[in-house]
$ cat upload.cif   # mmCIF, C-alpha atoms
data_start
#
loop_
_atom_site.label_atom_id
_atom_site.label_comp_id
_atom_site.auth_asym_id
_atom_site.auth_seq_id
_atom_site.Cartn_x
_atom_site.Cartn_y
_atom_site.Cartn_z
CA MET A 24 -6.25 -0.22 -23.85
CA THR A 25 -9.47 1.59 -24.70
CA LEU A 26 -11.84 3.14 -22.17
CA ILE A 27 -15.48 3.22 -23.21
CA HIS A 28 -17.78 5.62 -21.37
CA GLY A 29 -21.21 5.99 -22.96
CA ASP A 30 -20.63 6.82 -26.63
CA ASP A 31 -17.09 8.11 -25.98
CA GLN A 32 -14.01 5.96 -26.58
CA THR A 33 -10.61 6.99 -25.28
CA ALA A 34 -7.31 5.26 -25.96
CA LEU A 35 -5.22 5.15 -22.81
CA VAL A 36 -1.45 5.41 -22.61
CA ASP A 37 0.81 4.53 -19.69
CA ASN A 38 0.53 6.87 -16.66
CA GLU A 39 -2.34 8.82 -18.21
CA ARG A 40 -4.74 10.35 -15.70
CA LEU A 41 -8.47 10.59 -16.37
CA LEU A 42 -10.69 12.86 -14.32
CA PHE A 43 -14.38 12.07 -13.91
CA HIS A 44 -17.03 13.49 -11.61
CA ASP A 45 -19.48 11.31 -9.70
CA GLU A 46 -23.17 12.07 -9.18
CA LYS A 47 -22.31 14.45 -6.31
CA ASN A 48 -19.80 16.24 -8.57
CA LYS A 49 -16.86 14.89 -6.55
CA PRO A 50 -13.77 14.40 -8.70
CA LEU A 51 -12.59 10.84 -9.41
CA THR A 52 -9.12 10.36 -10.86
CA PHE A 53 -8.19 7.15 -12.66
CA VAL A 54 -4.59 6.36 -13.55
CA PHE A 55 -3.84 3.78 -16.23
CA GLN A 56 -0.54 2.07 -15.61
CA GLU A 57 0.92 -0.85 -17.47
CA GLY A 58 2.87 -3.15 -15.24
CA GLN A 59 3.09 -6.49 -13.61
CA ALA A 60 0.02 -7.79 -11.89
CA ASP A 61 2.06 -9.99 -9.59
CA TRP A 62 3.76 -7.36 -7.44
CA VAL A 63 5.41 -8.75 -4.33
CA PRO A 64 4.93 -6.83 -1.08
CA ILE A 65 8.15 -5.89 0.72
CA SER A 66 8.21 -5.48 4.51
CA PHE A 67 10.40 -2.96 6.33
CA TYR A 68 11.27 -2.58 10.01
CA ILE A 69 10.27 0.86 11.34
CA GLY A 70 10.26 0.11 15.08
CA ASN A 71 13.37 2.16 15.83
CA LYS A 72 12.04 5.27 14.05
CA LEU A 73 9.97 8.14 15.44
CA GLN A 74 9.15 9.45 11.95
CA VAL A 75 8.94 7.84 8.53
CA THR A 76 8.61 10.06 5.46
CA GLY A 77 7.76 9.39 1.85
CA SER A 78 8.53 12.03 -0.79
CA SER A 79 10.90 12.90 -3.63
CA SER A 80 13.52 14.30 -1.23
CA ASP A 81 16.81 12.46 -0.90
CA LEU A 82 16.48 12.90 2.87
CA ALA A 83 13.13 11.08 3.03
CA THR A 84 12.93 7.62 4.55
CA PHE A 85 11.35 6.43 1.27
CA SER A 86 12.55 8.57 -1.63
CA PHE A 87 10.48 8.42 -4.83
CA PRO A 88 12.24 10.54 -7.48
CA ARG A 89 9.28 10.76 -9.88
CA TYR A 90 7.16 12.95 -7.56
CA GLU A 91 7.36 16.69 -6.93
CA ASP A 92 8.97 18.23 -3.84
CA ASP A 93 5.77 19.25 -2.05
CA GLN A 94 4.15 15.82 -2.41
CA GLY A 95 4.53 13.21 0.28
CA PHE A 96 3.44 11.94 3.66
CA LEU A 97 4.72 11.68 7.21
CA LEU A 98 4.23 8.77 9.58
CA ASP A 99 4.71 10.10 13.10
CA LYS A 100 5.00 7.83 16.14
CA GLU A 101 3.14 9.17 19.17
CA ARG A 102 2.85 7.06 22.33
CA GLU A 103 3.57 3.78 20.49
CA LYS A 104 0.89 4.60 17.84
CA TRP A 105 1.48 5.75 14.27
CA CYS A 106 -0.23 8.86 12.90
CA LEU A 107 -0.33 9.62 9.15
CA LEU A 108 -0.10 13.19 7.83
CA PRO A 109 -0.25 14.13 4.12
CA TYR A 110 2.12 16.92 2.97
CA SER A 111 -0.24 18.57 0.51
CA GLU A 112 -3.51 18.11 -1.31
CA THR A 113 -1.89 17.88 -4.75
CA MET A 114 -1.07 14.21 -4.10
CA PRO A 115 -3.86 12.83 -1.88
CA VAL A 116 -3.41 10.13 0.74
CA TYR A 117 -6.11 7.50 1.28
CA VAL A 118 -6.56 5.28 4.34
CA ASN A 119 -8.71 2.19 3.82
CA GLY A 120 -10.18 3.82 0.70
CA GLU A 121 -11.09 7.15 2.33
CA ARG A 122 -9.19 10.34 1.55
CA ILE A 123 -7.62 12.04 4.55
CA TYR A 124 -6.90 15.75 4.86
CA GLY A 125 -5.10 15.97 8.18
CA ALA A 126 -3.54 13.84 10.89
CA PHE A 127 -5.04 10.35 10.95
CA PRO A 128 -4.24 7.70 13.61
CA LEU A 129 -3.37 4.33 12.07
CA GLU A 130 -4.34 0.97 13.49
CA ILE A 131 -2.53 -2.28 12.80
CA GLY A 132 -3.83 -3.67 9.51
CA ASP A 133 -4.73 -0.27 8.02
CA VAL A 134 -3.91 0.15 4.33
CA PHE A 135 -2.95 3.57 3.02
CA SER A 136 -2.28 4.68 -0.53
CA TRP A 137 -0.08 7.51 -1.70
CA GLY A 138 0.67 7.97 -5.37
CA LEU A 139 0.69 4.56 -7.01
CA ASN A 140 1.94 2.87 -3.84
CA GLU A 141 0.03 0.79 -1.31
CA TRP A 142 1.25 0.59 2.26
CA THR A 143 0.04 -1.68 5.06
CA LEU A 144 0.86 -1.28 8.74
CA LYS A 145 1.42 -4.97 9.54
CA THR A 146 2.50 -4.59 13.17
CA ALA A 147 3.51 -1.67 15.37
CA ASP A 148 7.03 -1.91 13.94
CA VAL A 149 6.60 -3.31 10.41
CA VAL A 150 5.25 -1.55 7.31
CA GLU A 151 4.64 -3.36 4.02
CA LEU A 152 5.03 -1.63 0.64
CA LEU A 153 3.41 -2.81 -2.59
CA THR A 154 4.70 -0.89 -5.62
CA ASP A 155 6.48 -1.17 -8.94
CA GLU A 156 7.91 2.36 -8.78
CA THR A 157 11.59 3.02 -8.20
CA TYR A 158 12.43 4.22 -4.70
CA GLN A 159 15.33 4.35 -2.27
CA THR A 160 15.38 3.57 1.42
CA GLU A 161 17.87 2.58 4.06
CA LEU A 162 15.35 0.74 6.21
CA PRO A 163 16.11 -2.91 6.85
CA LEU A 164 14.02 -5.52 5.03
CA ILE A 165 12.03 -8.04 7.02
CA ARG A 166 11.18 -11.54 5.98
CA ARG A 167 8.09 -12.65 7.83
CA PRO A 168 8.51 -15.96 9.63
CA ARG A 169 6.82 -18.93 7.99
CA THR A 170 5.87 -22.29 9.37
CA MET A 171 6.61 -25.61 7.74
CA LEU A 172 2.89 -26.13 7.14
CA ALA A 173 2.59 -22.74 5.40
CA ASP A 174 5.45 -23.75 3.11
CA LYS A 175 3.86 -27.14 2.42
CA TYR A 176 0.33 -25.70 1.85
CA PRO A 177 0.89 -22.13 0.52
CA ASN A 178 -2.69 -21.60 -0.71
CA TYR A 179 -4.39 -22.25 2.63
CA GLN A 180 -5.30 -19.35 4.87
CA ARG A 181 -5.67 -21.60 7.87
CA MET A 182 -3.98 -24.75 9.03
CA PRO A 183 -5.29 -27.75 7.12
CA ARG A 184 -7.36 -30.24 9.07
CA LEU A 185 -6.23 -33.80 8.85
CA VAL A 186 -9.01 -36.35 8.42
CA TYR A 187 -8.39 -39.94 9.46
CA GLU A 188 -10.46 -42.97 8.55
CA ARG A 189 -12.21 -44.74 11.38
CA PRO A 190 -10.83 -48.11 12.31
CA GLU A 191 -12.84 -51.14 11.24
CA GLN A 192 -15.00 -52.44 14.10
CA GLU A 193 -14.90 -56.19 14.76
#
$ encode --input "upload.cif" --output "structure tokens"
Amino acid sequence: MTLIHGDDQTALVDNERLLFHDEKNKPLTFVFQEGQADWVPISFYIGNKLQVTGSSSDLATFSFPRYEDDQGFLLDKEREKWCLLPYSETMPVYVNGERIYGAFPLEIGDVFSWGLNEWTLKTADVVELLTDETYQTELPLIRRPRTMLADKYPNYQRMPRLVYERPEQE
């Protein structure tokens, strides 16, 4: 793949990072990664945990061996709410597209990104992971319940409306 920026052309290789600066001189990092575009999200049950960690440590709830030791995040459960804390600034954590620097309370439906992974807090006790990186976890998988109509009409976001013809008037 080739990146064209003005008169410059750069050939990109897998996992190459490009650093740009926006008009306010804030750094923007782009990572080119070859992979499948049809990743399948995987849901995990976290309701019985008080803390969920993601890092390269073997003791982490989600262990990603490709990252360095000081990189990671902590999900901490406080009063039935989850709070997200990044370990360091070398591997930033983003919540709903905004970078966070300290403790951040998560709401159901929030999406956070760490590394090349996307996480979604689906319910108070289920987190969904979208990634193609190798990782290890002992958390139980969850298969979300589906209705018969959702199986029959997988592309609809709502229940289909049935339209009946009017009876002939005599």
$ atom_distance --input "upload.cif" --atom1 "atom CA of Lys47 of chain A" --atom2 "atom CA of Gly138 of chain A"
23.9 Å
$ resolve_selection --input "upload.cif" --expression "the PyMOL selection byres ((chain A and resi 163) around 9)" --output "PDB file with C-alpha atoms, in the coordinates of the input"
ATOM      1  CA  SER A  66       8.210  -5.480   4.510  1.00  0.00           C
ATOM      2  CA  PHE A  67      10.400  -2.960   6.330  1.00  0.00           C
ATOM      3  CA  TYR A  68      11.270  -2.580  10.010  1.00  0.00           C
ATOM      4  CA  ILE A  69      10.270   0.860  11.340  1.00  0.00           C
ATOM      5  CA  THR A 160      15.380   3.570   1.420  1.00  0.00           C
ATOM      6  CA  GLU A 161      17.870   2.580   4.060  1.00  0.00           C
ATOM      7  CA  LEU A 162      15.350   0.740   6.210  1.00  0.00           C
ATOM      8  CA  LEU A 164      14.020  -5.520   5.030  1.00  0.00           C
ATOM      9  CA  ILE A 165      12.030  -8.040   7.020  1.00  0.00           C
TER      10      ILE A 165
END
$ residues_around --input "upload.cif" --residues "Gly125 of chain A" --least-positions-apart "6" --cutoff "9 Å" --atoms "only C-alpha atoms" --output "ChimeraX atom specification"
/A:107-110
$ atom_distance --input "upload.cif" --atom1 "atom CA of Tyr176 of chain A" --atom2 "atom CA of Asp148 of chain A"
27.5 Å
$ resolve_selection --input "upload.cif" --expression "the PyMOL selection byres ((chain A and resi 153-158) around 8)" --output "list in words"
Gly58, Gln59, Trp62, Val63, Pro64, Ile65, Phe85, Ser86, Phe87, Pro88, Leu139, Asn140, Glu141, Trp142, Glu151, Leu152, Gln159 and Thr160 of chain A
$ residues_around --input "upload.cif" --residues "Thr84 of chain A" --least-positions-apart "5" --cutoff "7 Å" --atoms "all atoms listed in the file" --output "PyMOL selection string"
chain A and resi 75-77+160
$ atom_distance --input "upload.cif" --atom1 "atom CA of Gln74 of chain A" --atom2 "atom CA of Gly120 of chain A"
23.1 Å
$ residues_around --input "upload.cif" --residues "segment 183-192 of chain A" --least-positions-apart "5" --cutoff "12 Å" --atoms "all atoms listed in the file" --output "VMD selection string"
chain A and resid 172 to 173 175 to 178
$ resolve_selection --input "upload.cif" --expression "the PyMOL selection byres ((chain A and resi 128) around 12)" --output "list in words"
Leu97, Leu98, Asp99, Lys100, Glu101, Arg102, Glu103, Lys104, Trp105, Cys106, Leu107, Leu108, Val118, Ile123, Gly125, Ala126, Phe127, Leu129, Glu130, Ile131, Asp133, Val134, Phe135 and Leu144 of chain A
$ closest_residue --input "upload.cif" --among "A:Tyr90, A:Gly95, A:Gly132, A:Arg40" --to "Val116 of chain A" --atoms "all atoms listed in the file"
A:Gly95
$ axis_aligned_box --input "upload.cif" --around "segment 79-82 of chain A" --padding-each-side "5 Å" --output "AutoDock Vina command-line options"
--center_x 13.9 --center_y 13.4 --center_z -0.4 --size_x 15.9 --size_y 11.8 --size_z 16.5
$ decode --input "upload.cif" --residues "segment 35-92 of chain A" --atoms "C-alpha atoms" --output "JSON list (two decimals), in the first residue's frame"
[["chain", "number", "residue", "atom", "x", "y", "z"],
["A", 35, "LEU", "CA", 3.75, 1.11, 3.96],
["A", 36, "VAL", "CA", 4.63, -2.25, 5.46],
["A", 37, "ASP", "CA", 2.68, -4.25, 8.03],
["A", 38, "ASN", "CA", 2.62, -2.73, 11.56],
["A", 39, "GLU", "CA", 4.45, 0.40, 10.43],
["A", 40, "ARG", "CA", 3.63, 3.52, 12.45],
["A", 41, "LEU", "CA", 3.44, 6.95, 10.84],
["A", 42, "LEU", "CA", 3.50, 10.10, 12.94],
["A", 43, "PHE", "CA", 1.86, 13.28, 11.66],
["A", 44, "HIS", "CA", 1.03, 16.55, 13.37],
["A", 45, "ASP", "CA", -2.31, 18.30, 12.95],
["A", 46, "GLU", "CA", -2.81, 22.05, 12.58],
["A", 47, "LYS", "CA", -2.50, 22.51, 16.36],
["A", 48, "ASN", "CA", 0.76, 20.51, 16.32],
["A", 49, "LYS", "CA", -0.87, 17.60, 18.15],
["A", 50, "PRO", "CA", 0.68, 14.26, 17.19],
["A", 51, "LEU", "CA", -1.40, 11.80, 15.15],
["A", 52, "THR", "CA", -0.18, 8.23, 14.87],
["A", 53, "PHE", "CA", -1.39, 5.98, 12.06],
["A", 54, "VAL", "CA", -0.71, 2.24, 12.10],
["A", 55, "PHE", "CA", -0.94, 0.26, 8.88],
["A", 56, "GLN", "CA", -1.95, -3.32, 9.54],
["A", 57, "GLU", "CA", -2.79, -5.97, 7.01],
["A", 58, "GLY", "CA", -5.49, -8.28, 8.20],
["A", 59, "GLN", "CA", -9.00, -9.46, 7.80],
["A", 60, "ALA", "CA", -11.68, -6.84, 7.50],
["A", 61, "ASP", "CA", -14.34, -9.20, 8.82],
["A", 62, "TRP", "CA", -13.22, -9.53, 12.44],
["A", 63, "VAL", "CA", -15.81, -11.12, 14.70],
["A", 64, "PRO", "CA", -16.36, -9.55, 18.12],
["A", 65, "ILE", "CA", -16.03, -11.93, 21.07],
["A", 66, "SER", "CA", -17.96, -11.31, 24.29],
["A", 67, "PHE", "CA", -16.64, -12.18, 27.75],
["A", 68, "TYR", "CA", -18.37, -12.34, 31.14],
["A", 69, "ILE", "CA", -16.71, -10.00, 33.66],
["A", 70, "GLY", "CA", -19.52, -9.74, 36.22],
["A", 71, "ASN", "CA", -17.73, -11.78, 38.88],
["A", 72, "LYS", "CA", -14.54, -9.68, 38.68],
["A", 73, "LEU", "CA", -13.59, -6.55, 40.60],
["A", 74, "GLN", "CA", -10.66, -5.80, 38.27],
["A", 75, "VAL", "CA", -9.91, -6.67, 34.66],
["A", 76, "THR", "CA", -6.42, -5.99, 33.29],
["A", 77, "GLY", "CA", -4.96, -5.95, 29.82],
["A", 78, "SER", "CA", -1.18, -6.07, 29.36],
["A", 79, "SER", "CA", 1.69, -8.35, 28.33],
["A", 80, "SER", "CA", 1.88, -9.93, 31.80],
["A", 81, "ASP", "CA", 0.95, -13.58, 32.15],
["A", 82, "LEU", "CA", -1.02, -12.59, 35.26],
["A", 83, "ALA", "CA", -3.24, -10.13, 33.35],
["A", 84, "THR", "CA", -6.86, -10.98, 32.68],
["A", 85, "PHE", "CA", -6.15, -10.40, 28.97],
["A", 86, "SER", "CA", -2.51, -11.14, 28.18],
["A", 87, "PHE", "CA", -1.16, -9.72, 24.91],
["A", 88, "PRO", "CA", 2.44, -10.97, 24.48],
["A", 89, "ARG", "CA", 3.42, -8.48, 21.76],
["A", 90, "TYR", "CA", 3.28, -5.42, 24.05],
["A", 91, "GLU", "CA", 5.84, -4.18, 26.57],
["A", 92, "ASP", "CA", 5.53, -4.68, 30.32]]
